[in-house]
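See below for the structure under consideration.
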Amino acid sequence: MLGRVLKEKLFLAAVFILAFLTVLPLFHIVFSITARGLPVLYKGGVEFLTGTLPPPGDGLGGIAPAIIGTFVLVFLTSIVGLPVALLTGIYAAEYPNSLIGRAVKVLLQIMVEFPTILVGLFIMQVLVIPMGSYSALAGAFALAIIMMPYVAVYTEEALREIPFTYREAAFSLGLSRFKVVFMVLVRIAKKGILTGVLIGMAKVAGETAPLLFTAGGANRVYFAGIDKPVGAIPLLIYNLVQQPYENYHEIAWGAAFILMLVFLAIFIPIRLSLKEVKL
Amino acid sequence: MKSKLLVGLAIVTLAVALTGCMQPEKTVSPASEQSPAPTQTTTKTSVKRITLIGSGATFPQPQVEKWITVYTKINPNVMIEYTGKGSGGGQNDFKQGLVDFACSDPPLKESLWNDLKKKGQPLQFPIIVGAVVVVYNVPGVEKLKLSNDVLADIFLGKIEYWDDARIKELNPDVNLPHERIIVVHRSDSSGTTKIFTTYLSLVSDEWNDKVGAGKVVDWPVDKQGRGVGGKGNQGVVTAIKNNPYSIGYTELAYVLKENLKMAALQNKAGNYVTASPETIKSAISRVSMNIPSPYEGYKEDMKSLLNADGENSYPIVAVSHMVVWEDYPDEGKEKAIREFVRWILTEGQKDQYVVAGYVGLPGDVAEKMLKEVGWV
Amino acid sequence: MRDTLKIFLLPFSGLVFGIFVLMLLVYFINSMEIFQKDGLAIYTTNQWIAAEDDPQKESYGVLAAIYGSMYTSILAVLIALPLSICFAIFVIDYAPGKLREWLVIATDVMAGLPTIIYGLWGAFVLVPLLKDYVMKPLYNHLSFIPLFSFEPSTGYSFLSAGVLLGIMVTPFASAIIREAYRMVPFTYRECVYALGATRYEATKVLIGYIKPAIVAGTILAFGRAIGETVAVSLVVGNTFNIHPSLFAPGYTISSLIANQFGNAFIYRYMVSALFAAGLSLFFIGLAVNLLGIYILRRYRYAG
């Protein structure tokens, strides 16, 4: 009898502790990054956001090329990837029972988990070398391949959740299927689709591996064109972490703080407006 | 509400992208005359921006960064971006046509040179002299002497502990702890590695047979689990700083900057010297730097600078190089590159612009190079 | 009547397939060279000889990387599994409403957090912590056990990578397990408690019902872990080392590619070798994912 009670207590303790341990790292991470990153922003001031990388051991300078690069990349990625993603998601939602529809769903699931470094390598081989330069465009294509499955899955789910009555009503008005989908259903699912788009954008803004061999990186040049190398905040952090200079480490923490802030600012409000998030 | 957020985001990104785009980068400049004054270029003529992209060795990187900072201040219409990723990475990028210039410590190999010639005429210039030093991090040990065979055996993995009898023999007054030696090496394709392993191959037959020289080698210590790979010279320094009882090799400038401890190595005369401007200059003065013409860069033999004669010469001295094309499709870029190289080989060699840990090219070498290509 | 919608949409879906197939092709074609030269030795040996003078002397074997990838991912899953299961139990059974919501949001944030942030935190915070409080004590007292037999020097090790990956993939596993556990019909719970079970015993039974979901969650977490690049490369040590100990440094396929691809083109066979390594990653990931999807499909609860 005592054995059972003891097991019960141990069990409850274990469950509580392990559940706590699951989310503890998040708080520790947020805390560490804020503790080490925020002072850097104070020290750096506005120049941290507008300046360029300083020489080693010589102050904080700024990470403007990386910030601009991230913006440019997300923008280009959206232009390149969103149309395909949305339309693919719509296809999967509209023709769920067709062979291609099912195959598409499986493919999307596979691509969501795909190792991102392999995408970068592929784009380097196929785009960077023929083009003769690392470029924002190449980085955008790599990121688009990664963003696409997320947006497509969200789009598909959002469309599928629309009650059938709306569809019936639209058809009963004599609209062609094309118009039903684009003029009625998509409008209704707007919120869900937009959520997917924003989550996709937030995700690719934080990606590093696909940019390693495509974007090239920029430390001093603010922006040289979409067919020229471009920086990105995650890429910058990755490079600075591997160097021994104290000031570079500080810059890395500061940049990480900014990245984390931006990510949370986009992700949390979206998440709060949703019931569940597809990972 | 969400759509407003998205639209706002889009507008901001668009605005930023457009401001960037509004500074045109291409120039179609007529051959405007450049005044020969080395410190001032005619800044009043061009509003057109030129961006030069380069990548390559981390061996000369602190020096290259300094040059870029100074040069772009004098020439505000030129922007230069240099990414340190190892000599191999630079050669790689240059071969693939991904960068405008590359820096490499070892002179390019003939096979690579021939591959490049299929695309155009490559030119290779020596730009600065540096030294590869052996750094270590052993708490309490301020000075360390390492003979050539002890050095080789440490990196071969044959000497495992810091208080090994052979190390003690060379350093009787030093308190060596009984700790395993962690060997830090490069994880990327590195000219610094090439220089160091070439030296080891020269002084140790066993090293020459077992491992050999190269930008990337199979380090015996890895299999023993005592090897750590660092990316770039910076990565090696980071690893050494973070790990007590480690030893590694890197360029002198990084050591001075980070206040690390260097081992004294045995030179050809049998003396133990540490790297410094004097010991480096002593080595250069003894060696006729057989630097070939920039058109035939592959002919250079890095070995000629290693293990130089002289009582006070440092044994691991090396030259780093910059590789460019003779012709570029874009005239503005071609001019900018030539100006940059010219500046490096003239102004850049002056004491005020040389970073601690490097030594300028001996007097006539730079001039000779420029004469060969006619960029004087 | 022609379905213009389908005709309009089909090319785009086709494009997606096309890109995927093209990627696969590019990897196959580029790996051909090293397969022709060395056969499968690329996968079965452990060396990295990049000879510049004589291409025939080049010899690459990524066994250490494959070993490291598997080792760290399995370790990650071993950590993620108990964490996700207990998390699911806690969230569904014991957490009050608001807390439940915020806990779930927390794991979702963890799932989406940029991996470089994990890497930065891992390199500067986690590794020193593990080195001083876990590895050194364990080595000092228990080094006779093979798992602990390597002297921790830098802290970069399979353990550090495994723990970091475990933290990173737990949210993925927990999402699936949590969802499945939530779906267990309420009648089952009533039933078990009616029989007089303690909470522990009841939970054991209920978890038994969602075993397939646990398997699926595990497998998907494994797939994520093995594909992770930047976070791992900052903590694993990046050395070609095959060693059973947790504290030894090593390599993973993705960090090998990240480190070596930048200089691969000046060597005759290195590009091919790296593509072959990528191909192996591709297949391991693909196999694992397909397995996971298959299992999940078969046992997906209605809803």
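Here, A, B, ... name the chains of the structure tokens in the order displayed, residue numbers run from 1 inside each chain, and ligands are numbered from 1 in the same displayed order.
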Residues of chain B that approach chain C to 9 Å or less, counting only C-alpha atoms: could you list each one with the shortest pair of atoms and its distance in Å to one decimal, rows by chain and increasing residue number, as a tab-separated table?
```
residue	atom	partner	partner_atom	distance
B:Lys85	CA	C:Gly262	CA	7.6
B:Gly86	CA	C:Asn263	CA	8.0
B:Ser87	CA	C:Asn263	CA	8.3
B:Gly88	CA	C:Asn263	CA	4.9
B:Gly89	CA	C:Asn263	CA	4.1
B:Gly90	CA	C:Asn263	CA	7.5
B:Gln91	CA	C:Ile266	CA	6.9
B:Asn92	CA	C:Asn263	CA	5.4
B:Asp93	CA	C:Asn263	CA	7.9
B:Lys95	CA	C:Ile266	CA	7.7
B:Gln96	CA	C:Phe265	CA	8.0
B:Lys109	CA	C:Asp53	CA	8.0
B:Ser111	CA	C:Asp53	CA	8.1
B:Leu112	CA	C:Ile266	CA	7.3
B:Arg180	CA	C:Ser153	CA	8.7
B:Ile182	CA	C:Ser153	CA	7.4
B:Ser187	CA	C:Asn259	CA	7.0
B:Asp188	CA	C:Gln260	CA	6.1
B:Ser189	CA	C:Asn263	CA	6.1
B:Ala213	CA	C:Ala51	CA	8.7
B:Gly214	CA	C:Ala51	CA	6.8
B:Lys215	CA	C:Ala50	CA	7.8
B:Val216	CA	C:Ala50	CA	5.7
B:Val217	CA	C:Ile49	CA	5.8
B:Asp218	CA	C:Ile49	CA	5.7
B:Trp219	CA	C:Phe240	CA	8.9
B:Asp222	CA	C:Phe240	CA	5.9
B:Lys223	CA	C:Asn241	CA	5.4
B:Gln224	CA	C:Asn241	CA	7.6
B:Gly225	CA	C:Asn241	CA	6.1
B:Arg226	CA	C:Ser153	CA	8.3
B:Gly227	CA	C:Thr239	CA	6.6
B:Val228	CA	C:Thr239	CA	6.0
B:Gly229	CA	C:Asn238	CA	5.6
B:Gly230	CA	C:Asn238	CA	7.9
B:Lys231	CA	C:Asn259	CA	7.7
B:Ala239	CA	C:Thr154	CA	8.0
B:Asn242	CA	C:Thr154	CA	7.2
B:Asn243	CA	C:Thr154	CA	5.5
B:Pro244	CA	C:Ser153	CA	8.0
B:Tyr245	CA	C:Ser153	CA	8.6
B:Ser246	CA	C:Ser153	CA	8.9
```
Discussion item. Residues of segment 252-339 of chain B classed as helix (DSSP H, G or I) by DSSP on the backbone are to be reported as a ChimeraX atom specification.
Written reply: /B:252-258,277-286,294-299,302-305,331-339
Give me a file of those residues, with N, CA and C atoms, as a compact mmCIF listing (two decimals), in the first residue's frame.
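Writing the result to part-v1.txt gives the following:
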```txt
# COMPACT_ATOMS: atom_id res chain seq x y z
N LEU B 252 51.10 35.92 -35.95
CA LEU B 252 51.62 36.74 -34.84
C LEU B 252 50.67 37.85 -34.42
N ALA B 253 50.01 38.47 -35.40
CA ALA B 253 49.16 39.62 -35.07
C ALA B 253 48.07 39.24 -34.08
N TYR B 254 47.53 38.05 -34.23
CA TYR B 254 46.45 37.63 -33.34
C TYR B 254 46.96 37.45 -31.92
N VAL B 255 48.20 36.97 -31.81
CA VAL B 255 48.79 36.75 -30.48
C VAL B 255 48.97 38.07 -29.76
N LEU B 256 49.51 39.06 -30.50
CA LEU B 256 49.78 40.34 -29.87
C LEU B 256 48.48 41.00 -29.43
N LYS B 257 47.47 40.88 -30.30
CA LYS B 257 46.21 41.52 -29.98
C LYS B 257 45.57 40.91 -28.74
N GLU B 258 45.68 39.62 -28.63
CA GLU B 258 44.97 38.95 -27.55
C GLU B 258 45.87 38.61 -26.39
N PRO B 277 59.17 41.74 -34.71
CA PRO B 277 59.60 42.40 -35.94
C PRO B 277 61.09 42.20 -36.22
N GLU B 278 61.90 42.22 -35.16
CA GLU B 278 63.34 42.06 -35.38
C GLU B 278 63.69 40.69 -35.90
N THR B 279 63.15 39.67 -35.25
CA THR B 279 63.51 38.32 -35.68
C THR B 279 62.96 38.03 -37.07
N ILE B 280 61.80 38.60 -37.39
CA ILE B 280 61.25 38.40 -38.74
C ILE B 280 62.13 39.10 -39.76
N LYS B 281 62.49 40.35 -39.45
CA LYS B 281 63.33 41.10 -40.41
C LYS B 281 64.66 40.39 -40.60
N SER B 282 65.17 39.83 -39.51
CA SER B 282 66.44 39.11 -39.62
C SER B 282 66.29 37.96 -40.61
N ALA B 283 65.18 37.25 -40.54
CA ALA B 283 64.98 36.14 -41.46
C ALA B 283 64.88 36.63 -42.89
N ILE B 284 64.13 37.70 -43.11
CA ILE B 284 63.95 38.17 -44.49
C ILE B 284 65.28 38.63 -45.07
N SER B 285 66.07 39.29 -44.23
CA SER B 285 67.31 39.85 -44.78
C SER B 285 68.27 38.76 -45.22
N ARG B 286 68.12 37.56 -44.63
CA ARG B 286 69.05 36.50 -45.00
C ARG B 286 68.63 35.76 -46.23
N PRO B 294 54.29 38.80 -61.04
CA PRO B 294 52.88 38.53 -60.75
C PRO B 294 52.20 37.65 -61.79
N TYR B 295 52.77 37.63 -62.99
CA TYR B 295 52.16 36.79 -64.02
C TYR B 295 52.43 35.32 -63.79
N GLU B 296 53.39 35.04 -62.93
CA GLU B 296 53.76 33.64 -62.73
C GLU B 296 53.80 33.31 -61.26
N GLY B 297 52.78 33.73 -60.57
CA GLY B 297 52.76 33.60 -59.13
C GLY B 297 52.99 32.19 -58.61
N TYR B 298 52.58 31.21 -59.39
CA TYR B 298 52.68 29.84 -58.90
C TYR B 298 54.11 29.37 -58.74
N LYS B 299 55.03 30.12 -59.32
CA LYS B 299 56.42 29.66 -59.25
C LYS B 299 57.04 29.91 -57.89
N MET B 302 57.31 28.78 -51.15
CA MET B 302 57.16 29.27 -49.78
C MET B 302 58.29 28.79 -48.90
N LYS B 303 58.88 27.64 -49.26
CA LYS B 303 59.90 27.06 -48.39
C LYS B 303 61.11 27.98 -48.25
N SER B 304 61.32 28.86 -49.23
CA SER B 304 62.54 29.66 -49.19
C SER B 304 62.61 30.57 -47.96
N LEU B 305 61.45 30.90 -47.41
CA LEU B 305 61.47 31.80 -46.26
C LEU B 305 61.54 31.06 -44.92
N GLU B 331 35.01 48.56 -66.22
CA GLU B 331 36.19 49.44 -66.21
C GLU B 331 36.44 50.08 -64.86
N GLY B 332 35.33 50.52 -64.26
CA GLY B 332 35.48 51.20 -62.97
C GLY B 332 36.09 50.28 -61.94
N LYS B 333 35.63 49.03 -61.98
CA LYS B 333 36.15 48.08 -61.01
C LYS B 333 37.62 47.81 -61.28
N GLU B 334 37.95 47.68 -62.54
CA GLU B 334 39.34 47.39 -62.90
C GLU B 334 40.26 48.47 -62.37
N LYS B 335 39.84 49.71 -62.58
CA LYS B 335 40.65 50.82 -62.09
C LYS B 335 40.76 50.78 -60.57
N ALA B 336 39.62 50.53 -59.93
CA ALA B 336 39.60 50.55 -58.47
C ALA B 336 40.52 49.49 -57.91
N ILE B 337 40.49 48.30 -58.50
CA ILE B 337 41.36 47.22 -58.01
C ILE B 337 42.82 47.61 -58.17
N ARG B 338 43.15 48.14 -59.36
CA ARG B 338 44.56 48.49 -59.60
C ARG B 338 45.04 49.56 -58.63
N GLU B 339 44.16 50.53 -58.38
CA GLU B 339 44.50 51.58 -57.42
C GLU B 339 44.72 50.99 -56.03
```
Practice prompt. Please identify every residue of chain A that has at least one atom no more than 10 Å from any atom of chain B, counting only C-alpha atoms, and report them as JSON, numbers by chain.
Written response: {"A": [54, 55, 56, 57, 68, 69, 70, 71, 72, 73, 74, 75, 76, 78, 128, 129, 130, 131, 132, 133, 134, 135, 190, 191, 194, 195, 197, 198, 216, 217, 218, 219, 220, 221, 222, 223, 224, 225, 226, 228, 229, 239, 240, 241, 242, 243, 244, 245, 246, 266, 269, 270]}
Practice prompt. Could you give me, as a PyMOL selection string, the residues within 12 Å of Ser272 of chain C, counting only C-alpha atoms and dropping anything in the same chain fewer than 5 positions from it?
Written response: (chain A and resi 121+125) or (chain C and resi 26-38+42+58-61+257+260-261+264-267+277-279)
What residues in chain A have any atom no more than 7 Å from chain C when counting only C-alpha atoms, and can you write them as an mmCIF file with N, CA and C atoms, in the first residue's frame?
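Generated output (result.cif):
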```
data_model
loop_
_atom_site.group_PDB
_atom_site.id
_atom_site.type_symbol
_atom_site.label_atom_id
_atom_site.label_comp_id
_atom_site.auth_asym_id
_atom_site.auth_seq_id
_atom_site.Cartn_x
_atom_site.Cartn_y
_atom_site.Cartn_z
ATOM 1 N N GLU A 8 3.209 7.228 -6.372
ATOM 2 C CA GLU A 8 2.345 8.333 -6.776
ATOM 3 C C GLU A 8 3.045 9.661 -6.561
ATOM 4 N N PHE A 11 5.963 10.142 -8.845
ATOM 5 C CA PHE A 11 5.483 10.383 -10.198
ATOM 6 C C PHE A 11 5.093 11.842 -10.372
ATOM 7 N N VAL A 15 6.829 14.457 -12.897
ATOM 8 C CA VAL A 15 6.082 15.131 -13.973
ATOM 9 C C VAL A 15 6.249 16.639 -13.854
ATOM 10 N N PHE A 16 6.087 17.115 -12.655
ATOM 11 C CA PHE A 16 6.174 18.559 -12.468
ATOM 12 C C PHE A 16 7.556 19.077 -12.823
ATOM 13 N N LEU A 18 9.980 17.681 -14.663
ATOM 14 C CA LEU A 18 10.356 17.571 -16.071
ATOM 15 C C LEU A 18 9.600 18.558 -16.945
ATOM 16 N N ALA A 19 8.338 18.773 -16.602
ATOM 17 C CA ALA A 19 7.584 19.743 -17.392
ATOM 18 C C ALA A 19 8.217 21.125 -17.242
ATOM 19 N N THR A 22 11.313 21.476 -19.232
ATOM 20 C CA THR A 22 11.106 21.622 -20.666
ATOM 21 C C THR A 22 11.120 23.078 -21.080
ATOM 22 N N VAL A 23 10.494 23.927 -20.279
ATOM 23 C CA VAL A 23 10.430 25.336 -20.674
ATOM 24 C C VAL A 23 11.477 26.187 -19.985
ATOM 25 N N LEU A 26 14.031 28.086 -22.159
ATOM 26 C CA LEU A 26 13.553 29.270 -22.854
ATOM 27 C C LEU A 26 13.748 30.506 -21.994
ATOM 28 N N ILE A 29 17.368 31.316 -21.664
ATOM 29 C CA ILE A 29 17.894 31.916 -22.894
ATOM 30 C C ILE A 29 17.474 33.373 -22.988
ATOM 31 N N VAL A 84 4.000 30.897 -54.906
ATOM 32 C CA VAL A 84 4.020 29.438 -55.058
ATOM 33 C C VAL A 84 3.435 28.760 -53.833
ATOM 34 N N LEU A 87 -0.433 29.243 -53.616
ATOM 35 C CA LEU A 87 -1.161 28.486 -54.627
ATOM 36 C C LEU A 87 -1.058 26.982 -54.395
ATOM 37 N N THR A 88 0.094 26.552 -53.919
ATOM 38 C CA THR A 88 0.233 25.124 -53.617
ATOM 39 C C THR A 88 -0.675 24.735 -52.463
ATOM 40 N N TYR A 91 -4.140 24.452 -53.721
ATOM 41 C CA TYR A 91 -4.337 23.210 -54.466
ATOM 42 C C TYR A 91 -4.581 22.048 -53.506
ATOM 43 N N ILE A 110 7.452 16.650 -45.752
ATOM 44 C CA ILE A 110 8.869 16.316 -45.847
ATOM 45 C C ILE A 110 9.710 17.578 -45.872
ATOM 46 N N GLU A 113 10.675 19.591 -42.713
ATOM 47 C CA GLU A 113 11.720 19.095 -41.828
ATOM 48 C C GLU A 113 13.075 19.014 -42.491
ATOM 49 N N PHE A 114 13.153 19.408 -43.729
ATOM 50 C CA PHE A 114 14.349 19.194 -44.511
ATOM 51 C C PHE A 114 15.563 19.921 -43.939
ATOM 52 N N PRO A 115 16.719 19.255 -43.874
ATOM 53 C CA PRO A 115 17.903 19.948 -43.337
ATOM 54 C C PRO A 115 18.215 21.183 -44.162
ATOM 55 N N ILE A 117 20.759 23.152 -44.382
ATOM 56 C CA ILE A 117 22.078 23.314 -44.987
ATOM 57 C C ILE A 117 22.087 22.734 -46.400
ATOM 58 N N LEU A 118 21.320 21.663 -46.595
ATOM 59 C CA LEU A 118 21.294 21.035 -47.912
ATOM 60 C C LEU A 118 20.634 21.946 -48.948
ATOM 61 N N PHE A 122 22.432 23.342 -52.439
ATOM 62 C CA PHE A 122 21.751 23.195 -53.716
ATOM 63 C C PHE A 122 21.706 24.530 -54.453
ATOM 64 N N ARG A 177 -15.477 27.750 -60.265
ATOM 65 C CA ARG A 177 -14.667 27.286 -59.142
ATOM 66 C C ARG A 177 -13.524 28.254 -58.847
ATOM 67 N N PHE A 178 -12.954 28.718 -59.912
ATOM 68 C CA PHE A 178 -11.848 29.664 -59.791
ATOM 69 C C PHE A 178 -12.269 30.851 -58.930
ATOM 70 N N LYS A 203 10.189 32.925 -39.362
ATOM 71 C CA LYS A 203 11.083 31.779 -39.350
ATOM 72 C C LYS A 203 12.300 32.010 -40.236
ATOM 73 N N GLY A 206 15.183 34.183 -39.163
ATOM 74 C CA GLY A 206 16.120 33.662 -38.181
ATOM 75 C C GLY A 206 16.993 32.534 -38.694
ATOM 76 N N GLU A 207 16.910 32.217 -39.966
ATOM 77 C CA GLU A 207 17.657 31.083 -40.490
ATOM 78 C C GLU A 207 19.104 31.444 -40.789
ATOM 79 N N THR A 208 19.985 30.533 -40.518
ATOM 80 C CA THR A 208 21.404 30.789 -40.784
ATOM 81 C C THR A 208 21.962 29.877 -41.870
ATOM 82 N N ALA A 209 21.786 28.557 -41.681
ATOM 83 C CA ALA A 209 22.435 27.583 -42.563
ATOM 84 C C ALA A 209 22.196 27.816 -44.048
ATOM 85 N N PRO A 234 21.400 36.657 -38.403
ATOM 86 C CA PRO A 234 21.870 35.355 -37.908
ATOM 87 C C PRO A 234 23.269 35.021 -38.431
ATOM 88 N N TYR A 238 26.643 34.253 -36.230
ATOM 89 C CA TYR A 238 27.397 33.020 -36.432
ATOM 90 C C TYR A 238 28.866 33.312 -36.658
ATOM 91 N N VAL A 241 30.576 34.839 -33.307
ATOM 92 C CA VAL A 241 30.735 33.933 -32.177
ATOM 93 C C VAL A 241 32.045 33.171 -32.267
ATOM 94 N N ALA A 256 21.910 39.398 -31.213
ATOM 95 C CA ALA A 256 20.999 38.315 -30.841
ATOM 96 C C ALA A 256 19.796 38.874 -30.092
ATOM 97 N N LEU A 279 3.806 23.080 -36.471
ATOM 98 C CA LEU A 279 5.255 23.254 -36.449
ATOM 99 C C LEU A 279 5.878 22.609 -37.656
#
```
Practice prompt. Would you mind reading off the distance between atom CA of Ala202 of chain C and atom CA of Ile219 of chain C, one decimal, in Å?
Written response: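 A separation of 25.7 Å between them.
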Discussion item. Could you go through segment 13-219 of chain C and tell me which residues DSSP, when run on the backbone, assigns to strand (DSSP E), listing them as a list in words?
Written reply: Asn46, Gln47, Trp48, Ile49, Ser59, Tyr60, Gly61 and Val62 of chain C
Worksheet item: Do you have the atom CA of Lys158 of chain B-atom CA of Tyr272 of chain B distance handy?
Response: 22.1 Å
Fill in: Close residues, segment 158-168 of chain A itself excluded, 9 Å, only C-alpha atoms, min 3 positions apart in chain, as a ChimeraX atom specification
/A:89-90,93-94,153-155,171-173,180-181,184-186,188-193,196
Worksheet item: What's the 6 Å shell around segment 352-368 of chain B, counting only C-alpha atoms, without same-chain residues fewer than 4 positions away, as a list in words?
Response: Gln63, Ile128, Val129, Gly130, Leu252, Ala253, Leu345 and Gly348 of chain B
Preceding selection exported with C-alpha atoms as an mmCIF file, in the first residue's frame:
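In the end it all went to again.cif:
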```cif
data_model
loop_
_atom_site.group_PDB
_atom_site.id
_atom_site.type_symbol
_atom_site.label_atom_id
_atom_site.label_comp_id
_atom_site.auth_asym_id
_atom_site.auth_seq_id
_atom_site.Cartn_x
_atom_site.Cartn_y
_atom_site.Cartn_z
ATOM 1 C CA GLN B 63 46.343 43.949 -41.793
ATOM 2 C CA ILE B 128 52.804 41.613 -46.318
ATOM 3 C CA VAL B 129 55.166 39.504 -44.294
ATOM 4 C CA GLY B 130 54.032 37.733 -41.177
ATOM 5 C CA LEU B 252 51.621 36.738 -34.844
ATOM 6 C CA ALA B 253 49.158 39.624 -35.071
ATOM 7 C CA LEU B 345 52.227 48.077 -52.265
ATOM 8 C CA GLY B 348 50.276 50.478 -47.269
#
```
Worksheet item: Could you name the residues that touch Tyr139 of chain C at 12 Å or less, counting only C-alpha atoms, but leaving out those on the same chain fewer than 4 positions away, as a list in words?
Response: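 Contacts, with the query itself left out: Leu130, Lys131, Asp132, Tyr133, Val134, Met135, Ser143, Phe144, Ile145, Pro146, Leu147, Phe148, Ser149, Phe150, Glu151, Pro152, Ser153, Ser245, Leu246, Phe247 and Ala248 of chain C.
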Output N, CA and C atoms of each residue in that selection to a file, as a JSON list (two decimals), in the first residue's frame.
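Writing done, so here's again-v3.json:
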```
[["chain", "number", "residue", "atom", "x", "y", "z"],
["C", 130, "LEU", "N", 27.94, 22.75, -18.48],
["C", 130, "LEU", "CA", 28.05, 21.30, -18.56],
["C", 130, "LEU", "C", 29.46, 20.86, -18.22],
["C", 131, "LYS", "N", 30.43, 21.63, -18.71],
["C", 131, "LYS", "CA", 31.81, 21.22, -18.48],
["C", 131, "LYS", "C", 32.12, 21.19, -17.00],
["C", 132, "ASP", "N", 31.75, 22.24, -16.30],
["C", 132, "ASP", "CA", 32.15, 22.33, -14.90],
["C", 132, "ASP", "C", 31.27, 21.52, -13.96],
["C", 133, "TYR", "N", 29.98, 21.46, -14.24],
["C", 133, "TYR", "CA", 29.11, 20.84, -13.25],
["C", 133, "TYR", "C", 28.70, 19.43, -13.58],
["C", 134, "VAL", "N", 28.89, 19.02, -14.82],
["C", 134, "VAL", "CA", 28.47, 17.67, -15.16],
["C", 134, "VAL", "C", 29.65, 16.83, -15.60],
["C", 135, "MET", "N", 30.40, 17.33, -16.58],
["C", 135, "MET", "CA", 31.44, 16.49, -17.15],
["C", 135, "MET", "C", 32.60, 16.26, -16.21],
["C", 143, "SER", "N", 35.11, 7.56, -14.26],
["C", 143, "SER", "CA", 35.69, 7.45, -15.60],
["C", 143, "SER", "C", 35.87, 6.02, -16.08],
["C", 144, "PHE", "N", 35.62, 5.05, -15.21],
["C", 144, "PHE", "CA", 35.76, 3.67, -15.68],
["C", 144, "PHE", "C", 34.61, 3.28, -16.60],
["C", 145, "ILE", "N", 33.52, 4.01, -16.52],
["C", 145, "ILE", "CA", 32.40, 3.72, -17.42],
["C", 145, "ILE", "C", 32.73, 4.32, -18.79],
["C", 146, "PRO", "N", 32.64, 3.52, -19.84],
["C", 146, "PRO", "CA", 33.05, 4.01, -21.17],
["C", 146, "PRO", "C", 32.39, 5.33, -21.56],
["C", 147, "LEU", "N", 31.14, 5.50, -21.13],
["C", 147, "LEU", "CA", 30.44, 6.71, -21.50],
["C", 147, "LEU", "C", 31.10, 7.96, -20.96],
["C", 148, "PHE", "N", 31.80, 7.78, -19.83],
["C", 148, "PHE", "CA", 32.38, 8.96, -19.22],
["C", 148, "PHE", "C", 33.89, 8.96, -19.33],
["C", 149, "SER", "N", 34.41, 8.09, -20.21],
["C", 149, "SER", "CA", 35.84, 7.82, -20.12],
["C", 149, "SER", "C", 36.72, 8.84, -20.80],
["C", 150, "PHE", "N", 36.18, 9.84, -21.41],
["C", 150, "PHE", "CA", 37.02, 10.80, -22.12],
["C", 150, "PHE", "C", 37.26, 12.02, -21.25],
["C", 151, "GLU", "N", 38.48, 12.47, -21.17],
["C", 151, "GLU", "CA", 38.72, 13.62, -20.31],
["C", 151, "GLU", "C", 38.14, 14.88, -20.93],
["C", 152, "PRO", "N", 37.22, 15.50, -20.26],
["C", 152, "PRO", "CA", 36.60, 16.69, -20.84],
["C", 152, "PRO", "C", 37.60, 17.82, -20.88],
["C", 153, "SER", "N", 37.90, 18.31, -22.05],
["C", 153, "SER", "CA", 38.89, 19.37, -22.13],
["C", 153, "SER", "C", 38.24, 20.70, -22.48],
["C", 245, "SER", "N", 32.61, 7.89, -25.70],
["C", 245, "SER", "CA", 32.32, 8.73, -24.53],
["C", 245, "SER", "C", 31.49, 9.95, -24.90],
["C", 246, "LEU", "N", 30.65, 10.33, -23.95],
["C", 246, "LEU", "CA", 29.81, 11.51, -24.14],
["C", 246, "LEU", "C", 30.65, 12.77, -24.19],
["C", 247, "PHE", "N", 31.81, 12.71, -23.52],
["C", 247, "PHE", "CA", 32.55, 13.94, -23.34],
["C", 247, "PHE", "C", 33.53, 14.21, -24.47],
["C", 248, "ALA", "N", 33.56, 13.31, -25.46],
["C", 248, "ALA", "CA", 34.52, 13.48, -26.54],
["C", 248, "ALA", "C", 33.98, 14.44, -27.58]]
```
Worksheet item: So how far away is atom CA of Ala57 of chain B from atom CA of Val373 of chain B, in Å?
Response: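 Distance reported for this atom pair: 23.6 Å.
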Skip Gly120 of chain B itself and residues of its chain fewer than 4 positions away, then list as a compact mmCIF listing (two decimals) with C-alpha atoms, in the first residue's frame all residues within 9 Å of it, counting only C-alpha atoms.
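Saved the output as out12.txt:
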```
# COMPACT_ATOMS: atom_id res chain seq x y z
CA LEU B 116 42.41 30.31 -63.70
CA TRP B 325 42.64 39.56 -62.44
CA GLU B 326 44.50 41.64 -64.94
CA ASP B 327 41.27 42.62 -66.63
```
